[in-house]
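Asker: Input: one structure, supplied below.
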Amino acid sequence: MLPSLLAILARPNDEAPPRCGGVLAQHAEAGARTAVVTATWASDSPRAGELADSLAALGLSEAPRMLGYADHRDPQSSHRRPRGCDVPLDTAVGQLVAHIGQVGPDVVITHDAYGRLTGHPDHRRTHERTLLAVTAAGLRHLYPDMGPCGSRPPSTSQSTPSRAPETSANCCAGPTRRC
C-alpha cells in the first residue's frame, strides 16, 4: 500500500498533470487516502467545479479543500477575501495544520521554493507556509488538537526541477510521524 498524501497547492490547476497529478492518481489508484488543499479561489467559484472534476478524473474520492483566498493576480477570485499571499502567517499556518490533522497524511507535497521556477507569489507563499505547517503540526503546545504526538515529520525533503519544470518533481515531500 502506498502512503497517504496531502497535496497543499496554491490554486486549482496545480493538481493537474504534469504537475503532481501523476503522483496523486497513482496513490489514489492504489487505495491510499489522497487529498488536496488549495490556498486560493473560493468554493463557490467556477474554479471549484473545475478542481472537483480534475480530482475525480485523477481518481480522488475526497472533495477538494479550498481555503478560499484570492489569487495574487486575480483579486476577484474570492469575493471580499484577502489575497492568499497577504494572509497573516499564523492564520495560514494554523489552517494548514488543521487540514494536516484532519487528513493525517504520511506525505505532504507542495510547490518548490521557487514557485515552480516562475516565482509566482502564491506558489512561493504556499511552499513556505506548508513547510511551517508540517513542522508546526507536531508542536503540541501550539496545536493541542493534533493528538499526543502531533504529526511532525522526522524530515522534510525538497526537490526542484533541474531541466523540465513540467515534471512532478516540483513537489517537496516529508513523511508524517505516527505514534
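Naming works like this for the C-alpha cells: A, B, ... for the chains as they're shown, residue 1 at the start of each chain, ligands 1 onward in shown order.
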I want to know what sits within 12 Å of Glu50 in chain A, based on only C-alpha atoms, with residues of the same chain fewer than 2 positions away left out; could you give that as number ranges by chain?

Answerer: A: 11-16, 41-48, 52-57, 63-64

Asker: Show me, as a tab-separated table, the residues of range 21-79 of chain A having an atom within 9 Å of range 103-120 of chain A, each with the closest atom pair and its distance in Å, using only C-alpha atoms.

Answerer:
```
residue	atom	partner	partner_atom	distance
A:Arg33	CA	A:Pro105	CA	7.8
A:Thr34	CA	A:Pro105	CA	8.1
A:Ala35	CA	A:Val103	CA	7.4
A:His72	CA	A:His120	CA	8.4
```

Asker: Could I get the residues of range 47-159 of chain A with an atom no further than 6 Å from an atom of range 20-31 of chain A, each paired with its nearest atom pair and that distance in Å to one decimal, using only C-alpha atoms, sorted by chain and residue number, as a Markdown table?

Answerer:
```
| residue | atom | partner | partner_atom | distance |
| --- | --- | --- | --- | --- |
| A:Leu58 | CA | A:Ala25 | CA | 4.8 |
| A:Gly59 | CA | A:Ala28 | CA | 5.8 |
| A:Leu60 | CA | A:Ala28 | CA | 5.6 |
```

Asker: Would you mind telling me which residue in A:Gly101, A:Gly49, A:Pro121, A:Pro82 lies nearest to Ala10 in chain A when using only C-alpha atoms?

Answerer: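 Going through A:Gly101, A:Gly49, A:Pro121, A:Pro82 one by one, the smallest distance to Ala10 in chain A is for A:Pro121.
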
Asker: Excluding same-chain residues fewer than 4 positions from Asp86 in chain A, what lies within 12 Å of it counting only C-alpha atoms, as a VMD selection string?

Answerer: chain A and resid 39 to 40 69 to 72 75 81 to 82 90 to 92 121 to 122 125 to 126 129

Asker: To one decimal place in Å, what is the distance between CA of Thr38 in chain A and CA of Gly68 in chain A?

Answerer: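 Interatomic distance here is 7.8 Å.
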
Asker: In Å, rounded to a single decimal, give me how far CA of Glu128 in chain A is from CA of Leu142 in chain A.

Answerer: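 Computed distance, CA of Leu142 in chain A to CA of Glu128 in chain A, equals 18.4 Å.
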
Asker: Could you give me the residues within range 56-111 of chain A that DSSP places in alpha helix (DSSP H), as a list in words?

Answerer: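 Restricting range 56-111 of chain A to alpha helix (DSSP H) produces Ala56, Ala57, Leu89, Asp90, Thr91, Ala92, Val93, Gly94, Gln95, Leu96, Val97, Ala98, His99, Ile100, Gly101, Gln102 and Val103 of chain A.
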
Asker: Grab the residues selected above and save them as a compact mmCIF listing (two decimals), in the first residue's frame with C-alpha atoms.

Answerer:
```
# COMPACT_ATOMS: atom_id res chain seq x y z
CA ALA A 56 -12.37 12.96 -9.87
CA ALA A 57 -10.52 12.37 -13.16
CA LEU A 89 1.39 33.81 8.57
CA ASP A 90 -0.06 32.41 11.81
CA THR A 91 -3.57 32.30 10.31
CA ALA A 92 -2.45 30.46 7.17
CA VAL A 93 -0.23 28.02 9.05
CA GLY A 94 -3.00 27.29 11.57
CA GLN A 95 -5.46 26.47 8.79
CA LEU A 96 -2.98 24.15 7.11
CA VAL A 97 -2.18 22.46 10.43
CA ALA A 98 -5.91 21.77 10.83
CA HIS A 99 -6.05 20.09 7.41
CA ILE A 100 -2.94 18.05 8.20
CA GLY A 101 -4.64 16.93 11.40
CA GLN A 102 -7.87 16.02 9.59
CA VAL A 103 -6.19 14.06 6.80
```

Asker: Mind pulling up the distance from CA of Ser61 in chain A to CA of Leu5 in chain A?

Answerer: 12.7 Å
